[in-house]
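Student: Next up, upload38.pdb (PDB, C-alpha atoms).
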ATOM      1  CA  MET A  17     121.768 138.679  69.123
ATOM      2  CA  SER A  18     118.402 137.235  68.060
ATOM      3  CA  ASP A  19     115.063 139.028  68.277
ATOM      4  CA  SER A  20     114.045 136.835  71.220
ATOM      5  CA  SER A  21     117.197 137.910  73.037
ATOM      6  CA  ASN A  22     116.219 141.545  72.624
ATOM      7  CA  LEU A  23     113.824 141.014  75.493
ATOM      8  CA  PHE A  24     116.825 141.229  77.828
ATOM      9  CA  ALA A  25     119.281 143.397  75.871
ATOM     10  CA  TYR A  26     119.256 145.467  72.714
ATOM     11  CA  PRO A  27     122.044 146.481  70.325
ATOM     12  CA  THR A  28     123.303 150.047  70.489
ATOM     13  CA  THR A  29     126.556 152.006  70.207
ATOM     14  CA  ASN A  30     128.785 153.524  72.874
ATOM     15  CA  SER A  31     130.550 156.882  72.924
ATOM     16  CA  TRP A  32     133.327 155.441  70.689
ATOM     17  CA  ASP A  33     130.723 154.384  68.113
ATOM     18  CA  GLU A  34     131.335 150.715  68.871
ATOM     19  CA  SER A  35     128.607 148.091  68.624
ATOM     20  CA  VAL A  36     127.539 147.066  72.116
ATOM     21  CA  PHE A  37     124.474 145.759  73.931
ATOM     22  CA  GLN A  38     122.530 147.357  76.757
ATOM     23  CA  LEU A  39     120.216 145.614  79.185
ATOM     24  CA  THR A  40     116.499 146.255  78.968
ATOM     25  CA  VAL A  41     114.324 146.571  82.076
ATOM     26  CA  PRO A  42     113.544 142.816  82.009
ATOM     27  CA  GLY A  43     117.280 142.193  81.607
ATOM     28  CA  ILE A  44     118.079 144.297  84.656
ATOM     29  CA  ILE A  45     115.372 142.495  86.636
ATOM     30  CA  ALA A  46     116.857 139.132  85.576
ATOM     31  CA  VAL A  47     120.321 140.199  86.788
ATOM     32  CA  ILE A  48     118.847 141.399  90.097
ATOM     33  CA  VAL A  49     117.237 137.966  90.530
ATOM     34  CA  VAL A  50     120.652 136.362  89.949
ATOM     35  CA  ILE A  51     122.128 138.679  92.584
ATOM     36  CA  GLY A  52     119.432 137.587  95.040
ATOM     37  CA  VAL A  53     120.162 133.913  94.362
ATOM     38  CA  LEU A  54     123.899 134.452  94.893
ATOM     39  CA  ILE A  55     123.297 136.247  98.203
ATOM     40  CA  ALA A  56     121.039 133.378  99.317
ATOM     41  CA  LEU A  57     123.782 130.917  98.386
ATOM     42  CA  ALA A  58     126.288 132.942 100.406
ATOM     43  CA  LEU A  59     124.022 132.664 103.441
ATOM     44  CA  PHE A  60     123.609 128.921 102.847
ATOM     45  CA  PHE A  61     127.344 128.315 102.532
ATOM     46  CA  TYR A  62     128.128 130.278 105.684
ATOM     47  CA  LYS A  63     125.461 128.395 107.600
ATOM     48  CA  LYS A  64     126.781 125.060 106.335
ATOM     49  CA  ASP A  65     130.478 125.802 106.858
ATOM     50  CA  SER A  66     130.074 127.435 110.264
ATOM     51  CA  GLY A  67     127.555 124.907 111.529
ATOM     52  CA  SER A  68     125.463 127.748 112.893
ATOM     53  CA  THR A  69     121.688 127.345 113.026
ATOM     54  CA  GLN A  70     121.074 130.659 114.773
ATOM     55  CA  LYS A  71     119.142 133.322 112.905
ATOM     56  CA  ALA A  72     121.250 135.965 114.620
ATOM     57  CA  SER A  73     124.393 134.632 112.947
ATOM     58  CA  LEU A  74     122.860 134.668 109.460
ATOM     59  CA  THR A  75     121.372 138.098 110.077
ATOM     60  CA  LYS A  76     124.798 139.344 111.076
ATOM     61  CA  GLN A  77     126.307 137.938 107.865
ATOM     62  CA  LEU A  78     123.594 139.536 105.739
ATOM     63  CA  THR A  79     124.050 142.864 107.509
ATOM     64  CA  PHE A  80     127.839 142.921 107.227
ATOM     65  CA  SER A  81     127.843 141.685 103.633
ATOM     66  CA  GLY A  82     125.156 144.147 102.575
ATOM     67  CA  ALA A  83     127.018 147.023 104.196
ATOM     68  CA  ALA A  84     130.304 145.938 102.586
ATOM     69  CA  MET A  85     128.757 145.758  99.113
ATOM     70  CA  ALA A  86     127.078 149.131  99.589
ATOM     71  CA  LEU A  87     130.364 150.714 100.671
ATOM     72  CA  GLY A  88     132.118 149.036  97.749
ATOM     73  CA  LEU A  89     129.615 150.563  95.332
ATOM     74  CA  ILE A  90     129.766 153.996  96.926
ATOM     75  CA  THR A  91     133.544 154.157  96.863
ATOM     76  CA  SER A  92     133.801 152.783  93.315
ATOM     77  CA  GLU A  93     130.961 154.699  91.663
ATOM     78  CA  LEU A  94     130.802 157.955  93.598
ATOM     79  CA  LEU A  95     134.340 158.374  94.943
ATOM     80  CA  PRO A  96     136.794 157.042  92.346
ATOM     81  CA  THR A  97     140.231 158.659  92.495
ATOM     82  CA  PHE A  98     140.556 158.382  88.709
ATOM     83  CA  ARG A  99     138.968 156.550  85.777
ATOM     84  CA  LEU A 100     140.707 155.233  82.706
ATOM     85  CA  PRO A 101     139.104 156.020  79.350
ATOM     86  CA  MET A 102     138.620 152.396  78.278
ATOM     87  CA  GLY A 103     137.309 151.163  81.612
ATOM     88  CA  GLY A 104     138.752 150.540  85.054
ATOM     89  CA  SER A 105     139.272 152.951  87.914
ATOM     90  CA  ALA A 106     141.325 153.320  91.055
ATOM     91  CA  THR A 107     139.031 153.778  94.042
ATOM     92  CA  LEU A 108     139.127 154.493  97.735
ATOM     93  CA  PHE A 109     139.344 150.960  99.137
ATOM     94  CA  SER A 110     136.329 149.527  97.265
ATOM     95  CA  MET A 111     138.038 146.139  96.806
ATOM     96  CA  LEU A 112     138.847 145.956 100.508
ATOM     97  CA  PHE A 113     135.167 146.034 101.450
ATOM     98  CA  ILE A 114     134.451 143.008  99.239
ATOM     99  CA  VAL A 115     137.569 141.169 100.391
ATOM    100  CA  LEU A 116     136.346 141.620 103.956
ATOM    101  CA  ILE A 117     133.309 139.427 103.266
ATOM    102  CA  GLY A 118     135.510 136.440 102.455
ATOM    103  CA  TYR A 119     137.810 137.200 105.372
ATOM    104  CA  LEU A 120     134.882 137.352 107.792
ATOM    105  CA  PHE A 121     132.694 134.517 106.497
ATOM    106  CA  GLY A 122     134.941 132.115 104.610
ATOM    107  CA  LEU A 123     135.768 131.126 101.047
ATOM    108  CA  LYS A 124     132.401 129.922  99.721
ATOM    109  CA  ALA A 125     130.399 132.786 101.199
ATOM    110  CA  GLY A 126     133.111 135.201 100.081
ATOM    111  CA  ILE A 127     133.127 134.052  96.463
ATOM    112  CA  THR A 128     129.338 133.958  96.085
ATOM    113  CA  SER A 129     129.028 137.411  97.668
ATOM    114  CA  ALA A 130     131.783 138.763  95.422
ATOM    115  CA  LEU A 131     130.044 137.259  92.384
ATOM    116  CA  ALA A 132     126.879 139.072  93.458
ATOM    117  CA  TYR A 133     128.862 142.293  93.812
ATOM    118  CA  GLY A 134     130.237 141.835  90.303
ATOM    119  CA  MET A 135     126.716 141.549  88.914
ATOM    120  CA  LEU A 136     125.739 144.595  90.955
ATOM    121  CA  GLN A 137     128.574 146.514  89.325
ATOM    122  CA  PHE A 138     127.235 145.406  85.950
ATOM    123  CA  VAL A 139     123.741 146.666  86.761
ATOM    124  CA  MET A 140     125.190 150.086  87.545
ATOM    125  CA  ASP A 141     126.365 150.361  83.918
ATOM    126  CA  PRO A 142     124.598 147.551  82.010
ATOM    127  CA  VAL A 143     126.445 147.876  78.703
ATOM    128  CA  PHE A 144     128.504 145.005  77.309
ATOM    129  CA  TYR A 145     130.208 143.859  74.116
ATOM    130  CA  SER A 146     129.283 140.181  74.400
ATOM    131  CA  ILE A 147     128.091 137.751  77.047
ATOM    132  CA  PRO A 148     131.551 136.139  77.458
ATOM    133  CA  GLN A 149     133.112 139.597  77.898
ATOM    134  CA  MET A 150     130.498 140.525  80.485
ATOM    135  CA  ILE A 151     131.082 137.286  82.414
ATOM    136  CA  VAL A 152     134.852 137.752  82.536
ATOM    137  CA  ASP A 153     134.765 141.461  83.403
ATOM    138  CA  TYR A 154     132.074 141.347  86.067
ATOM    139  CA  PRO A 155     131.193 138.133  87.953
ATOM    140  CA  LEU A 156     134.574 136.454  87.388
ATOM    141  CA  ALA A 157     136.854 139.475  87.887
ATOM    142  CA  PHE A 158     135.043 140.784  90.960
ATOM    143  CA  GLY A 159     134.226 137.280  92.163
ATOM    144  CA  ALA A 160     137.966 136.626  92.425
ATOM    145  CA  LEU A 161     138.049 139.057  95.351
ATOM    146  CA  GLY A 162     136.237 136.372  97.328
ATOM    147  CA  LEU A 163     139.381 134.237  97.199
ATOM    148  CA  ALA A 164     140.370 136.162 100.308
ATOM    149  CA  GLY A 165     138.305 133.585 102.163
ATOM    150  CA  ILE A 166     141.155 131.101 101.721
ATOM    151  CA  PHE A 167     142.984 133.000 104.457
ATOM    152  CA  ALA A 168     139.982 133.620 106.716
ATOM    153  CA  ASN A 169     141.583 131.796 109.652
ATOM    154  CA  LYS A 170     145.246 132.374 108.870
ATOM    155  CA  LYS A 171     147.741 134.686 110.536
ATOM    156  CA  HIS A 172     147.703 138.033 108.738
ATOM    157  CA  GLY A 173     144.816 136.534 106.780
ATOM    158  CA  LEU A 174     143.316 139.838 105.739
ATOM    159  CA  ILE A 175     146.530 141.079 104.158
ATOM    160  CA  TRP A 176     147.242 137.821 102.326
ATOM    161  CA  GLY A 177     143.590 137.499 101.392
ATOM    162  CA  TYR A 178     143.536 141.008  99.966
ATOM    163  CA  ILE A 179     146.657 140.404  97.896
ATOM    164  CA  THR A 180     145.244 137.118  96.584
ATOM    165  CA  GLY A 181     141.881 138.663  95.728
ATOM    166  CA  VAL A 182     143.447 141.580  93.872
ATOM    167  CA  ILE A 183     145.773 139.275  91.940
ATOM    168  CA  GLY A 184     142.759 137.178  90.976
ATOM    169  CA  ARG A 185     140.880 140.219  89.738
ATOM    170  CA  TYR A 186     143.976 141.409  87.876
ATOM    171  CA  ILE A 187     144.339 138.069  86.095
ATOM    172  CA  PHE A 188     140.761 138.164  84.825
ATOM    173  CA  ALA A 189     141.130 141.801  83.788
ATOM    174  CA  VAL A 190     144.264 140.925  81.808
ATOM    175  CA  ILE A 191     142.521 137.953  80.183
ATOM    176  CA  SER A 192     139.649 140.231  79.180
ATOM    177  CA  GLY A 193     142.055 142.750  77.715
ATOM    178  CA  VAL A 194     143.827 140.127  75.622
ATOM    179  CA  ILE A 195     140.690 138.371  74.372
ATOM    180  CA  PHE A 196     138.200 141.196  73.963
ATOM    181  CA  PHE A 197     140.141 144.457  73.747
ATOM    182  CA  ALA A 198     143.374 143.572  71.962
ATOM    183  CA  HIS A 199     142.521 146.050  69.191
ATOM    184  CA  TYR A 200     143.147 148.922  71.614
ATOM    185  CA  ALA A 201     146.813 148.007  71.952
ATOM    186  CA  PRO A 202     149.098 150.543  70.221
ATOM    187  CA  GLU A 203     150.597 149.373  66.967
ATOM    188  CA  GLY A 204     153.584 147.165  67.591
ATOM    189  CA  THR A 205     152.619 146.445  71.225
ATOM    190  CA  PRO A 206     151.559 142.847  72.004
ATOM    191  CA  ALA A 207     148.047 142.630  73.429
ATOM    192  CA  LEU A 208     149.312 140.834  76.540
ATOM    193  CA  VAL A 209     151.883 143.533  77.305
ATOM    194  CA  TYR A 210     149.289 146.258  76.769
ATOM    195  CA  SER A 211     146.706 144.524  78.973
ATOM    196  CA  LEU A 212     149.225 143.846  81.748
ATOM    197  CA  GLY A 213     150.241 147.505  81.846
ATOM    198  CA  TYR A 214     146.784 148.987  81.394
ATOM    199  CA  ASN A 215     145.143 147.009  84.194
ATOM    200  CA  ALA A 216     148.081 147.522  86.539
ATOM    201  CA  THR A 217     147.625 151.272  86.098
ATOM    202  CA  TYR A 218     144.481 151.340  88.222
ATOM    203  CA  LEU A 219     144.664 148.149  90.299
ATOM    204  CA  VAL A 220     148.214 148.494  91.642
ATOM    205  CA  PRO A 221     147.863 152.040  93.096
ATOM    206  CA  GLU A 222     144.668 151.106  94.925
ATOM    207  CA  ALA A 223     146.232 147.890  96.235
ATOM    208  CA  VAL A 224     149.337 149.700  97.501
ATOM    209  CA  ILE A 225     147.305 152.406  99.256
ATOM    210  CA  THR A 226     145.043 149.784 100.835
ATOM    211  CA  LEU A 227     147.955 147.682 102.089
ATOM    212  CA  ILE A 228     149.481 150.798 103.636
ATOM    213  CA  LEU A 229     146.162 151.430 105.391
ATOM    214  CA  LEU A 230     146.038 147.855 106.687
ATOM    215  CA  ALA A 231     149.589 148.202 108.002
ATOM    216  CA  ILE A 232     148.378 150.860 110.447
ATOM    217  CA  PRO A 233     147.966 148.963 113.753
ATOM    218  CA  PRO A 234     144.685 150.590 114.893
ATOM    219  CA  VAL A 235     143.071 149.811 111.529
ATOM    220  CA  TYR A 236     144.172 146.189 111.489
ATOM    221  CA  LYS A 237     143.206 145.692 115.135
ATOM    222  CA  GLY A 238     139.834 147.304 114.505
ATOM    223  CA  ILE A 239     139.072 144.867 111.701
ATOM    224  CA  GLY A 240     140.220 142.062 113.996
ATOM    225  CA  GLN A 241     137.623 143.170 116.540
ATOM    226  CA  ILE A 242     134.952 143.078 113.837
ATOM    227  CA  LYS A 243     135.957 139.489 113.030
ATOM    228  CA  LYS A 244     135.671 138.543 116.695
ATOM    229  CA  MET A 245     132.243 140.159 116.864
ATOM    230  CA  VAL A 246     131.098 138.157 113.824
ATOM    231  CA  ALA A 247     132.372 134.910 115.356
ATOM    232  CA  ALA A 248     130.809 135.640 118.751
ATOM    233  CA  VAL A 249     127.334 134.341 117.837
TER     234      VAL A 249
END
Would you write the structure of this file as structure tokens?
Tutor:
Amino acid sequence: MSDSSNLFAYPTTNSWDESVFQLTVPGIIAVIVVIGVLIALALFFYKKDSGSTQKASLTKQLTFSGAAMALGLITSELLPTFRLPMGGSATLFSMLFIVLIGYLFGLKAGITSALAYGMLQFVMDPVFYSIPQMIVDYPLAFGALGLAGIFANKKHGLIWGYITGVIGRYIFAVISGVIFFAHYAPEGTPALVYSLGYNATYLVPEAVITLILLAIPPVYKGIGQIKKMVAAV
């Protein structure tokens, strides 16, 4: 990374004595600006797709999306059920909160909001190996959760949307493992096999627990009422 690039990130080492980069204060500010732009785009897309010109509708989207991202951060950063040593953690429904944004407000708003959430996750621990690795692991992997918006108006849309979003995140996590972290694979184990197993270790348990939660009728009906409330404006 050139000297001019050091304005936004500087080289350092992590706890495994690996060469990494960490964001500087200007770098963090730049990422926060990107997050703001993505949230503005989410509002624009919802306004365009829904045809709503009412401030109340956009305010409701901003409120719900902000609350969902906050809950996603709280459950992933403060209440993880377990963390894996090389990254990744099973959490208490953090992915569900982000999936809900797409389910409530549609595909475009869902993806842009999920991209913003991915960058927010990055800001919480702004250390990265390379820019391509950071892009795959944060905006792309978490942004895939917004694919839930495909099923926003489908029967059992939340369940199918959640499954699709998690699969999307899993695919990007596996790609990252193969491209950027293949050297962690045990000797004799193909990088793809290692990455498939490693990332399933934390994503599958959370997905199963969440789907069990959504199968509880009062929970599913309650989320359905929230969707009706969002659409009521």
Student: Run the PyMOL selection byres ((chain A and resi 139-149) around 6) mentally over the shown coordinates, then write out the matched residues as a ChimeraX atom specification, using the chain letters and numbers from the document.
Tutor: /A:36-39,136-138,150-152
Student: Might you pull out every residue within 8 Å of A:Ile51, with all atoms listed in the file counted and same-chain residues fewer than 5 positions away left off, and present them as an MDAnalysis selection string?
Tutor: chainID A and resid 132:133 135:136
Student: Could you write out that same residue set with C-alpha atoms as a PDB file, in the coordinates of the input?
Tutor:
ATOM      1  CA  ALA A 132     126.879 139.072  93.458  1.00  0.00           C
ATOM      2  CA  TYR A 133     128.862 142.293  93.812  1.00  0.00           C
ATOM      3  CA  MET A 135     126.716 141.549  88.914  1.00  0.00           C
ATOM      4  CA  LEU A 136     125.739 144.595  90.955  1.00  0.00           C
TER       5      LEU A 136
END
Student: Evaluate the PyMOL selection byres ((chain A and resi 184-189) around 7) and record the selected residues as a VMD selection string, following the chain and residue labels used in the document.
Tutor: chain A and resid 152 to 153 156 to 158 160 to 161 180 to 183 190 to 193 215
Student: Next, dump the selected residues to file, keeping only C-alpha atoms, as a PDB file, keeping the file's coordinate frame.
Tutor:
ATOM      1  CA  VAL A 152     134.852 137.752  82.536  1.00  0.00           C
ATOM      2  CA  ASP A 153     134.765 141.461  83.403  1.00  0.00           C
ATOM      3  CA  LEU A 156     134.574 136.454  87.388  1.00  0.00           C
ATOM      4  CA  ALA A 157     136.854 139.475  87.887  1.00  0.00           C
ATOM      5  CA  PHE A 158     135.043 140.784  90.960  1.00  0.00           C
ATOM      6  CA  ALA A 160     137.966 136.626  92.425  1.00  0.00           C
ATOM      7  CA  LEU A 161     138.049 139.057  95.351  1.00  0.00           C
ATOM      8  CA  THR A 180     145.244 137.118  96.584  1.00  0.00           C
ATOM      9  CA  GLY A 181     141.881 138.663  95.728  1.00  0.00           C
ATOM     10  CA  VAL A 182     143.447 141.580  93.872  1.00  0.00           C
ATOM     11  CA  ILE A 183     145.773 139.275  91.940  1.00  0.00           C
ATOM     12  CA  VAL A 190     144.264 140.925  81.808  1.00  0.00           C
ATOM     13  CA  ILE A 191     142.521 137.953  80.183  1.00  0.00           C
ATOM     14  CA  SER A 192     139.649 140.231  79.180  1.00  0.00           C
ATOM     15  CA  GLY A 193     142.055 142.750  77.715  1.00  0.00           C
ATOM     16  CA  ASN A 215     145.143 147.009  84.194  1.00  0.00           C
TER      17      ASN A 215
END
Student: Suppose you want the space between atom CA of A:Val246 and atom CA of A:Gly134; what is it in Å?
Tutor: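 Atom CA of A:Val246 sits 23.8 Å away from atom CA of A:Gly134.
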Student: Apply the PyMOL selection byres ((chain A and resi 115) around 7) to the structure shown and report the selected residues as a PyMOL selection string.
Tutor: chain A and resi 111-114+116-119+161-162+164+178+181
Student: Out of A:Thr107, A:Thr205, A:Asn169, A:Ser31, which residue has the shortest atom-to-atom distance to A:Ala247 when counting all atoms listed in the file?
Tutor: A:Asn169
Student: Using all atoms listed in the file, which residue out of A:Leu94, A:Ile239, A:Leu208, A:Met85 lies closest to A:Leu174?
Tutor: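 Closest to A:Leu174 of all the choices is A:Ile239.
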Student: Just the number, please: distance in Å from atom CA of A:Tyr214 to atom CA of A:Ser92, one decimal.
Tutor: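 Distance reported for this atom pair: 18.0 Å.
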Student: Would you mind listing what lies within 6 Å of stretch 217-229 of chain A as an NGL selection string, with all atoms listed in the file counted and same-chain residues fewer than 3 positions away left out?
Tutor: :A and (105-106 or 214 or 232)
Student: Could you state the separation of atom CA of A:Gly238 and atom CA of A:Leu74 in Å, given to one decimal place?
Tutor: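 Value for the atom CA of A:Gly238-atom CA of A:Leu74 distance: 21.8 Å.
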Student: Taking all atoms listed in the file into account, which of A:Ile166, A:Val50, A:Ile45, A:Ile242 comes nearest A:Phe80?
Tutor: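 Among the listed residues, the smallest separation from A:Phe80 belongs to A:Ile242.
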Student: My list of candidates is A:Thr128, A:Phe196, A:Ala216, A:Tyr154. Which is closest to A:Gly52 when distances are computed with all atoms listed in the file?
Tutor: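 Selected residue with least distance to A:Gly52: A:Thr128.
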Student: Can you report as JSON the centre and edge lengths in Å, to one decimal, of an axis-aligned box around the listed atoms of stretch 175-186 of chain A padded with 8 Å on each side?
Tutor:
{"center_x": 144.1, "center_y": 139.3, "center_z": 96.0, "size_x": 22.4, "size_y": 20.5, "size_z": 32.3}
